[in-house]
$ cat query.json   # JSON, C-alpha atoms
[["chain", "number", "residue", "atom", "x", "y", "z"],
["B", 24, "MET", "CA", 111.84, 78.00, 122.66],
["B", 25, "ALA", "CA", 110.39, 80.74, 120.48],
["B", 26, "LYS", "CA", 110.98, 80.65, 116.74],
["B", 27, "ILE", "CA", 112.31, 83.37, 114.45],
["B", 28, "LEU", "CA", 111.44, 82.94, 110.76],
["B", 29, "ILE", "CA", 114.37, 84.06, 108.63],
["B", 30, "PRO", "CA", 113.67, 85.80, 105.28],
["B", 31, "THR", "CA", 115.23, 83.91, 102.37],
["B", 32, "PRO", "CA", 118.06, 86.37, 101.55],
["B", 33, "LEU", "CA", 119.24, 86.39, 105.18],
["B", 34, "ARG", "CA", 119.49, 82.62, 105.57],
["B", 35, "GLN", "CA", 123.02, 82.69, 104.19],
["B", 36, "TYR", "CA", 124.04, 84.44, 107.43],
["B", 37, "CYS", "CA", 122.50, 81.81, 109.72],
["B", 38, "ASP", "CA", 123.74, 78.50, 108.41],
["B", 39, "LYS", "CA", 121.04, 78.45, 105.70],
["B", 40, "LYS", "CA", 118.32, 77.88, 108.29],
["B", 41, "ASP", "CA", 114.82, 79.14, 107.51],
["B", 42, "THR", "CA", 113.89, 79.10, 111.19],
["B", 43, "VAL", "CA", 116.04, 79.72, 114.25],
["B", 44, "GLU", "CA", 114.96, 78.80, 117.77],
["B", 45, "VAL", "CA", 115.91, 81.27, 120.49],
["B", 46, "THR", "CA", 115.37, 81.91, 124.16],
["B", 47, "GLY", "CA", 114.47, 85.28, 125.59],
["B", 48, "ALA", "CA", 111.88, 86.92, 127.81],
["B", 49, "THR", "CA", 111.22, 89.65, 125.25],
["B", 50, "VAL", "CA", 111.32, 90.06, 121.50],
["B", 51, "GLY", "CA", 114.41, 92.27, 121.90],
["B", 52, "GLU", "CA", 116.22, 89.54, 123.86],
["B", 53, "ALA", "CA", 115.30, 86.99, 121.23],
["B", 54, "LEU", "CA", 116.66, 89.21, 118.44],
["B", 55, "ASN", "CA", 119.84, 89.77, 120.48],
["B", 56, "ALA", "CA", 120.20, 86.02, 120.89],
["B", 57, "LEU", "CA", 119.78, 85.62, 117.14],
["B", 58, "THR", "CA", 122.38, 88.22, 116.20],
["B", 59, "SER", "CA", 124.80, 86.99, 118.90],
["B", 60, "ALA", "CA", 124.66, 83.48, 117.49],
["B", 61, "HIS", "CA", 124.85, 84.76, 113.90],
["B", 62, "ALA", "CA", 126.90, 87.95, 114.00],
["B", 63, "GLU", "CA", 126.83, 88.54, 110.24],
["B", 64, "LEU", "CA", 123.09, 89.02, 110.46],
["B", 65, "LYS", "CA", 123.34, 92.05, 112.70],
["B", 66, "LYS", "CA", 124.30, 94.62, 110.07],
["B", 67, "HIS", "CA", 121.42, 93.49, 107.89],
["B", 68, "LEU", "CA", 118.87, 94.13, 110.62],
["B", 69, "TYR", "CA", 120.40, 97.01, 112.59],
["B", 70, "ASN", "CA", 121.94, 100.32, 111.54],
["B", 71, "ASP", "CA", 125.22, 101.76, 112.87],
["B", 72, "GLU", "CA", 123.38, 103.25, 115.87],
["B", 73, "GLY", "CA", 122.19, 99.80, 116.87],
["B", 74, "LYS", "CA", 118.58, 100.47, 115.91],
["B", 75, "LEU", "CA", 116.49, 98.26, 113.67],
["B", 76, "ARG", "CA", 116.88, 99.48, 110.08],
["B", 77, "SER", "CA", 114.06, 101.72, 108.88],
["B", 78, "PHE", "CA", 112.68, 99.09, 106.53],
["B", 79, "VAL", "CA", 112.65, 96.30, 109.12],
["B", 80, "ASN", "CA", 109.37, 95.43, 110.84],
["B", 81, "VAL", "CA", 109.14, 92.73, 113.46],
["B", 82, "TYR", "CA", 105.97, 90.73, 113.94],
["B", 83, "LEU", "CA", 105.12, 88.62, 116.96],
["B", 84, "ASN", "CA", 102.79, 85.99, 115.52],
["B", 85, "ASP", "CA", 100.34, 88.25, 113.60],
["B", 86, "GLU", "CA", 101.06, 91.56, 115.33],
["B", 87, "ASP", "CA", 103.55, 94.30, 114.61],
["B", 88, "ILE", "CA", 105.56, 94.78, 117.83],
["B", 89, "ARG", "CA", 105.45, 98.58, 117.32],
["B", 90, "TYR", "CA", 101.81, 98.35, 118.38],
["B", 91, "ILE", "CA", 102.54, 96.18, 121.42],
["B", 92, "LYS", "CA", 105.64, 97.06, 123.48],
["B", 93, "LYS", "CA", 108.19, 97.26, 120.68],
["B", 94, "GLU", "CA", 111.34, 95.29, 121.55],
["B", 95, "ALA", "CA", 110.15, 94.98, 125.18],
["B", 96, "THR", "CA", 107.19, 92.88, 123.99],
["B", 97, "PRO", "CA", 107.01, 89.76, 126.20],
["B", 98, "LEU", "CA", 107.78, 86.48, 124.47],
["B", 99, "ALA", "CA", 106.44, 82.97, 125.15],
["B", 100, "ASP", "CA", 107.98, 79.68, 124.05],
["B", 101, "THR", "CA", 105.12, 79.08, 121.65],
["B", 102, "ASP", "CA", 105.55, 82.42, 119.87],
["B", 103, "THR", "CA", 106.83, 82.98, 116.35],
["B", 104, "ILE", "CA", 108.74, 86.11, 115.36],
["B", 105, "SER", "CA", 108.75, 87.22, 111.72],
["B", 106, "ILE", "CA", 111.03, 89.80, 110.12],
["B", 107, "VAL", "CA", 109.08, 91.69, 107.46],
["B", 108, "PRO", "CA", 110.36, 94.63, 105.40],
["B", 109, "SER", "CA", 108.47, 97.86, 104.68],
["B", 110, "ILE", "CA", 108.19, 98.30, 100.94],
["B", 111, "ALA", "CA", 106.70, 101.11, 98.88],
["B", 112, "GLY", "CA", 107.59, 103.18, 95.87],
["B", 113, "GLY", "CA", 106.36, 104.97, 92.83],
["B", 114, "ARG", "CA", 107.49, 106.63, 89.69],
["G", 22, "MET", "CA", 119.47, 86.58, 86.87],
["G", 23, "ILE", "CA", 115.75, 86.32, 87.53],
["G", 24, "GLN", "CA", 113.57, 84.13, 85.33],
["G", 25, "ILE", "CA", 109.80, 84.44, 85.59],
["G", 26, "ASP", "CA", 107.70, 81.45, 84.53],
["G", 27, "SER", "CA", 105.06, 82.10, 81.92],
["G", 28, "GLU", "CA", 102.03, 81.67, 84.18],
["G", 29, "ALA", "CA", 103.51, 83.87, 86.91],
["G", 30, "TRP", "CA", 104.40, 86.50, 84.30],
["G", 31, "GLN", "CA", 100.85, 86.50, 82.90],
["G", 32, "VAL", "CA", 99.50, 87.11, 86.43],
["G", 33, "MET", "CA", 101.83, 90.10, 86.84],
["G", 34, "VAL", "CA", 101.00, 91.68, 83.49],
["G", 35, "SER", "CA", 97.30, 91.05, 83.95],
["G", 36, "HIS", "CA", 97.38, 92.63, 87.43],
["G", 37, "ALA", "CA", 99.30, 95.66, 86.11],
["G", 38, "LYS", "CA", 96.80, 96.11, 83.26],
["G", 39, "SER", "CA", 93.71, 95.65, 85.42],
["G", 40, "THR", "CA", 94.85, 98.25, 87.96],
["G", 41, "TYR", "CA", 95.85, 100.79, 85.27],
["G", 42, "PRO", "CA", 95.99, 103.81, 85.49],
["G", 43, "ASN", "CA", 97.05, 103.11, 89.08],
["G", 44, "GLU", "CA", 100.25, 101.40, 90.15],
["G", 45, "CYS", "CA", 99.92, 97.75, 91.10],
["G", 46, "CYS", "CA", 102.12, 95.66, 93.38],
["G", 47, "GLY", "CA", 102.67, 92.09, 94.40],
["G", 48, "ALA", "CA", 105.07, 89.39, 95.53],
["G", 49, "MET", "CA", 107.03, 86.81, 93.56],
["G", 50, "LEU", "CA", 107.55, 83.33, 94.97],
["G", 51, "GLY", "CA", 109.92, 80.71, 93.68],
["G", 52, "THR", "CA", 113.31, 79.15, 94.13],
["G", 53, "ILE", "CA", 116.90, 80.35, 94.26],
["G", 54, "ASP", "CA", 119.95, 78.47, 93.05],
["G", 55, "GLY", "CA", 123.05, 80.59, 93.59],
["G", 56, "ASP", "CA", 122.54, 83.79, 91.59],
["G", 57, "ASN", "CA", 119.70, 82.28, 89.59],
["G", 58, "LYS", "CA", 116.20, 83.05, 90.79],
["G", 59, "SER", "CA", 113.18, 81.33, 89.34],
["G", 60, "VAL", "CA", 109.74, 82.83, 89.92],
["G", 61, "LYS", "CA", 107.04, 80.14, 89.91],
["G", 62, "VAL", "CA", 104.11, 82.01, 91.42],
["G", 63, "SER", "CA", 103.14, 85.68, 91.45],
["G", 64, "VAL", "CA", 100.79, 86.98, 94.11],
["G", 65, "PRO", "CA", 98.91, 90.24, 93.39],
["G", 66, "ILE", "CA", 98.71, 92.38, 96.54],
["G", 67, "GLU", "CA", 96.45, 95.36, 97.12],
["G", 68, "ASN", "CA", 98.13, 98.74, 96.71],
["G", 69, "ALA", "CA", 97.71, 100.20, 100.22],
["G", 70, "PHE", "CA", 98.89, 103.71, 99.40],
["G", 71, "THR", "CA", 96.21, 106.09, 100.63],
["G", 72, "GLY", "CA", 96.96, 108.96, 98.21],
["G", 73, "VAL", "CA", 97.04, 109.08, 94.42],
["G", 74, "GLN", "CA", 97.89, 105.55, 93.31],
["G", 75, "HIS", "CA", 98.73, 106.59, 89.77],
["G", 76, "GLU", "CA", 102.19, 107.49, 91.04],
["G", 77, "ARG", "CA", 102.67, 105.49, 94.21],
["G", 78, "TYR", "CA", 102.31, 102.05, 95.74],
["G", 79, "GLU", "CA", 102.68, 100.70, 99.22],
["G", 80, "LEU", "CA", 102.65, 97.13, 100.49],
["G", 81, "ARG", "CA", 101.20, 96.40, 103.90],
["G", 82, "PRO", "CA", 103.80, 94.40, 105.85],
["G", 83, "GLU", "CA", 101.07, 92.00, 106.96],
["G", 84, "ASP", "CA", 100.28, 91.25, 103.31],
["G", 85, "LEU", "CA", 103.95, 90.56, 102.69],
["G", 86, "LEU", "CA", 104.01, 88.32, 105.77],
["G", 87, "LYS", "CA", 101.05, 86.42, 104.30],
["G", 88, "ALA", "CA", 102.92, 86.00, 101.00],
["G", 89, "ASP", "CA", 106.00, 84.75, 102.86],
["G", 90, "ARG", "CA", 103.85, 82.21, 104.71],
["G", 91, "GLU", "CA", 102.33, 81.08, 101.43],
["G", 92, "ALA", "CA", 105.83, 80.61, 100.00],
["G", 93, "ARG", "CA", 106.91, 78.53, 102.99],
["G", 94, "SER", "CA", 103.76, 76.40, 102.83],
["G", 95, "ARG", "CA", 104.52, 75.63, 99.16],
["G", 96, "SER", "CA", 108.23, 74.93, 99.81],
["G", 97, "MET", "CA", 109.19, 78.08, 97.96],
["G", 98, "ASP", "CA", 110.83, 81.37, 98.89],
["G", 99, "LEU", "CA", 109.67, 84.96, 98.72],
["G", 100, "ILE", "CA", 112.22, 86.25, 96.23],
["G", 101, "GLY", "CA", 110.90, 89.48, 94.81],
["G", 102, "ILE", "CA", 108.44, 92.32, 94.65],
["G", 103, "PHE", "CA", 106.82, 93.68, 91.52],
["G", 104, "HIS", "CA", 105.03, 96.93, 90.78],
["G", 105, "SER", "CA", 103.95, 98.90, 87.73],
["G", 106, "HIS", "CA", 104.77, 102.31, 86.33],
["G", 107, "PRO", "CA", 101.70, 103.52, 84.44],
["G", 108, "ASP", "CA", 102.53, 105.64, 81.40],
["G", 109, "CYS", "CA", 106.24, 105.80, 82.11],
["G", 110, "ASP", "CA", 109.30, 103.64, 81.72],
["G", 111, "ALA", "CA", 110.38, 100.77, 83.97],
["G", 112, "TYR", "CA", 113.15, 102.56, 85.83],
["G", 113, "PHE", "CA", 113.91, 102.44, 89.56],
["G", 114, "SER", "CA", 112.82, 105.86, 90.76],
["G", 115, "GLU", "CA", 114.08, 107.85, 93.72],
["G", 116, "THR", "CA", 110.82, 107.01, 95.51],
["G", 117, "ASP", "CA", 111.32, 103.31, 94.74],
["G", 118, "LEU", "CA", 114.87, 103.49, 96.08],
["G", 119, "LYS", "CA", 114.02, 105.37, 99.29],
["G", 120, "ASN", "CA", 111.32, 102.85, 100.16],
["G", 121, "SER", "CA", 113.12, 99.71, 99.09],
["G", 122, "CYS", "CA", 114.69, 96.79, 100.90],
["G", 123, "PRO", "CA", 117.97, 95.14, 99.81],
["G", 124, "TRP", "CA", 116.73, 91.62, 100.35],
["G", 125, "TYR", "CA", 114.65, 91.17, 97.22],
["G", 126, "SER", "CA", 114.56, 91.62, 93.45],
["G", 127, "PHE", "CA", 112.31, 94.49, 92.38],
["G", 128, "VAL", "CA", 110.62, 94.02, 89.02],
["G", 129, "VAL", "CA", 109.06, 97.13, 87.47],
["G", 130, "LEU", "CA", 106.54, 96.81, 84.63],
["G", 131, "SER", "CA", 105.98, 99.72, 82.29],
["G", 132, "ILE", "CA", 102.35, 100.04, 81.20],
["G", 133, "TYR", "CA", 101.52, 102.57, 78.49],
["G", 134, "LYS", "CA", 97.85, 103.33, 77.71],
["G", 135, "GLY", "CA", 96.81, 100.21, 79.55],
["G", 136, "GLU", "CA", 99.11, 97.86, 77.64],
["G", 137, "PHE", "CA", 102.36, 96.21, 78.76],
["G", 138, "ASP", "CA", 105.43, 97.84, 77.20],
["G", 139, "HIS", "CA", 108.60, 96.55, 78.89],
["G", 140, "ALA", "CA", 110.02, 95.53, 82.29],
["G", 141, "ASN", "CA", 113.25, 95.63, 84.26],
["G", 142, "SER", "CA", 114.51, 94.12, 87.50],
["G", 143, "PHE", "CA", 116.61, 95.91, 90.12],
["G", 144, "LEU", "CA", 118.62, 95.06, 93.23],
["G", 145, "PRO", "CA", 118.74, 97.99, 95.70],
["G", 146, "ASN", "CA", 121.49, 98.30, 98.31],
["G", 147, "ALA", "CA", 121.01, 98.43, 102.11],
["G", 148, "GLU", "CA", 121.66, 102.18, 102.27],
["G", 149, "GLN", "CA", 118.87, 102.81, 99.74],
["G", 150, "THR", "CA", 121.25, 104.91, 97.65],
["G", 151, "GLU", "CA", 121.71, 102.74, 94.58],
["G", 152, "ALA", "CA", 119.98, 99.96, 92.67],
["G", 153, "VAL", "CA", 121.75, 97.84, 90.07],
["G", 154, "LYS", "CA", 119.94, 96.32, 87.16],
["G", 155, "GLU", "CA", 119.50, 92.57, 87.22],
["G", 156, "GLU", "CA", 119.07, 90.39, 84.13],
["G", 157, "LEU", "CA", 115.39, 89.62, 83.72],
["G", 158, "LYS", "CA", 113.87, 86.87, 81.58],
["G", 159, "TYR", "CA", 110.15, 86.25, 81.07]]
$ encode --input "query.json" --output "structure tokens"
Amino acid sequence: MAKILIPTPLRQYCDKKDTVEVTGATVGEALNALTSAHAELKKHLYNDEGKLRSFVNVYLNDEDIRYIKKEATPLADTDTISIVPSIAGGR
Amino acid sequence: MIQIDSEAWQVMVSHAKSTYPNECCGAMLGTIDGDNKSVKVSVPIENAFTGVQHERYELRPEDLLKADREARSRSMDLIGIFHSHPDCDAYFSETDLKNSCPWYSFVVLSIYKGEFDHANSFLPNAEQTEAVKEELKY
């Protein structure tokens, strides 16, 4: 099964786990499996239109899925998915 | 409340001063117990903003991923982000808010004329419309 690493503040919505194992042929399927098993998590990752929130980036191992096939990126059992926010700012 | 250990705090201030007059940024690693966050390690991260860095900062997600991996390897959590405001106060600006993430504490350090002046911590909401001040101890 592939692994999804859960950022610290979101662990409260998935039984305090730091890693969740999921099945899925694509990254999108794996994220669906995650939010189906832990429904509270969904609103933190997706907006009302069902799209990933603007500040949410998803990495497959070391690569941003936007530069592969986005949520259709194929997933292997040995893969690790990371959820990483976009952060910037200035005065 | 967020408490920053002395060594971690020195790293943050030193990074903010050494990058002056540009904005600096970095990650804060530590532990969380209920509403109490304790920063044990601060990790300076390169400001990736490609324009004028005196007024802007940007974190590369891959650098943040690296910081998160470091936290996990040290049995800690990634609990916050810090950045500096050169020659202005430590408020949470509109730009900070519009580019924030509700998952972390955001510590802003005010640096005037190259010297640390004061700091504040903020907790932005998911809609990026509001950030409440969080008690900060260092």
$ residues_around --input "query.json" --residues "segment 113-119 of chain G" --least-positions-apart "4" --cutoff "9 Å" --atoms "all atoms listed in the file" --output "VMD selection string"
(chain B and resid 110 to 114) or (chain G and resid 77 127 129 141 to 143 145 to 146 148 to 152 154)
$ atom_distance --input "query.json" --atom1 "atom CA of Pro42 of chain G" --atom2 "atom CA of Ser131 of chain G"
11.3 Å
$ residues_around --input "query.json" --residues "segment 67-71 of chain B" --least-positions-apart "2" --cutoff "9 Å" --atoms "only C-alpha atoms" --output "list in words"
Leu33, Thr58, Glu63, Leu64, Lys65, Gly73, Lys74, Leu75, Arg76, Ser77, Phe78, Val79 and Ile106 of chain B; Pro123 and Ala147 of chain G
$ write_last_selection --input "query.json" --atoms "C-alpha atoms" --output "mmCIF file, keeping the file's coordinate frame"
data_model
loop_
_atom_site.group_PDB
_atom_site.id
_atom_site.type_symbol
_atom_site.label_atom_id
_atom_site.label_comp_id
_atom_site.auth_asym_id
_atom_site.auth_seq_id
_atom_site.Cartn_x
_atom_site.Cartn_y
_atom_site.Cartn_z
ATOM 1 C CA LEU B 33 119.240 86.390 105.180
ATOM 2 C CA THR B 58 122.380 88.220 116.200
ATOM 3 C CA GLU B 63 126.830 88.540 110.240
ATOM 4 C CA LEU B 64 123.090 89.020 110.460
ATOM 5 C CA LYS B 65 123.340 92.050 112.700
ATOM 6 C CA GLY B 73 122.190 99.800 116.870
ATOM 7 C CA LYS B 74 118.580 100.470 115.910
ATOM 8 C CA LEU B 75 116.490 98.260 113.670
ATOM 9 C CA ARG B 76 116.880 99.480 110.080
ATOM 10 C CA SER B 77 114.060 101.720 108.880
ATOM 11 C CA PHE B 78 112.680 99.090 106.530
ATOM 12 C CA VAL B 79 112.650 96.300 109.120
ATOM 13 C CA ILE B 106 111.030 89.800 110.120
ATOM 14 C CA PRO G 123 117.970 95.140 99.810
ATOM 15 C CA ALA G 147 121.010 98.430 102.110
#
$ residues_around --input "query.json" --residues "Pro32 of chain B" --least-positions-apart "6" --cutoff "10 Å" --atoms "only C-alpha atoms" --output "PyMOL selection string"
(chain B and resi 39+41) or (chain G and resi 53+98-100+123-125)
$ residues_around --input "query.json" --residues "Ala29 of chain G" --least-positions-apart "4" --cutoff "12 Å" --atoms "only C-alpha atoms" --output "PyMOL selection string"
chain G and resi 24-25+33-36+47-51+59-65+103+159
$ residues_around --input "query.json" --residues "segment 80-83 of chain B" --least-positions-apart "4" --cutoff "6 Å" --atoms "only C-alpha atoms" --output "number ranges by chain"
B: 87-88, 103-108
$ closest_residue --input "query.json" --among "G:Lys158, G:His139, G:Lys87, G:Lys134" --to "chain B" --atoms "all atoms listed in the file"
G:Lys87
$ residues_near_point --input "query.json" --point "(99.4, 91.9, 101.4)" --cutoff "9 Å" --atoms "only C-alpha atoms" --output "PyMOL selection string"
chain G and resi 47-48+64-69+80-88
$ closest_residue --input "query.json" --among "G:Val153, G:Val128, G:Ala111, G:Ala140" --to "chain B" --atoms "only C-alpha atoms"
G:Ala111
$ atom_distance --input "query.json" --atom1 "atom CA of Thr31 of chain B" --atom2 "atom CA of Ala37 of chain G"
25.6 Å
$ closest_residue --input "query.json" --among "B:Pro30, B:Ala48, B:Leu98, B:Tyr90" --to "chain G" --atoms "all atoms listed in the file"
B:Pro30
$ axis_aligned_box --input "query.json" --around "segment 61-75 of chain B" --padding-each-side "5 Å" --output "lines of an AutoDock Vina configuration file"
center_x = 121.7
center_y = 94.0
center_z = 112.4
size_x = 20.4
size_y = 28.5
size_z = 19.0
$ closest_residue --input "query.json" --among "G:Asp108, G:Glu79, G:Glu155, G:Asp138" --to "Ser121 of chain G" --atoms "all atoms listed in the file"
G:Glu79
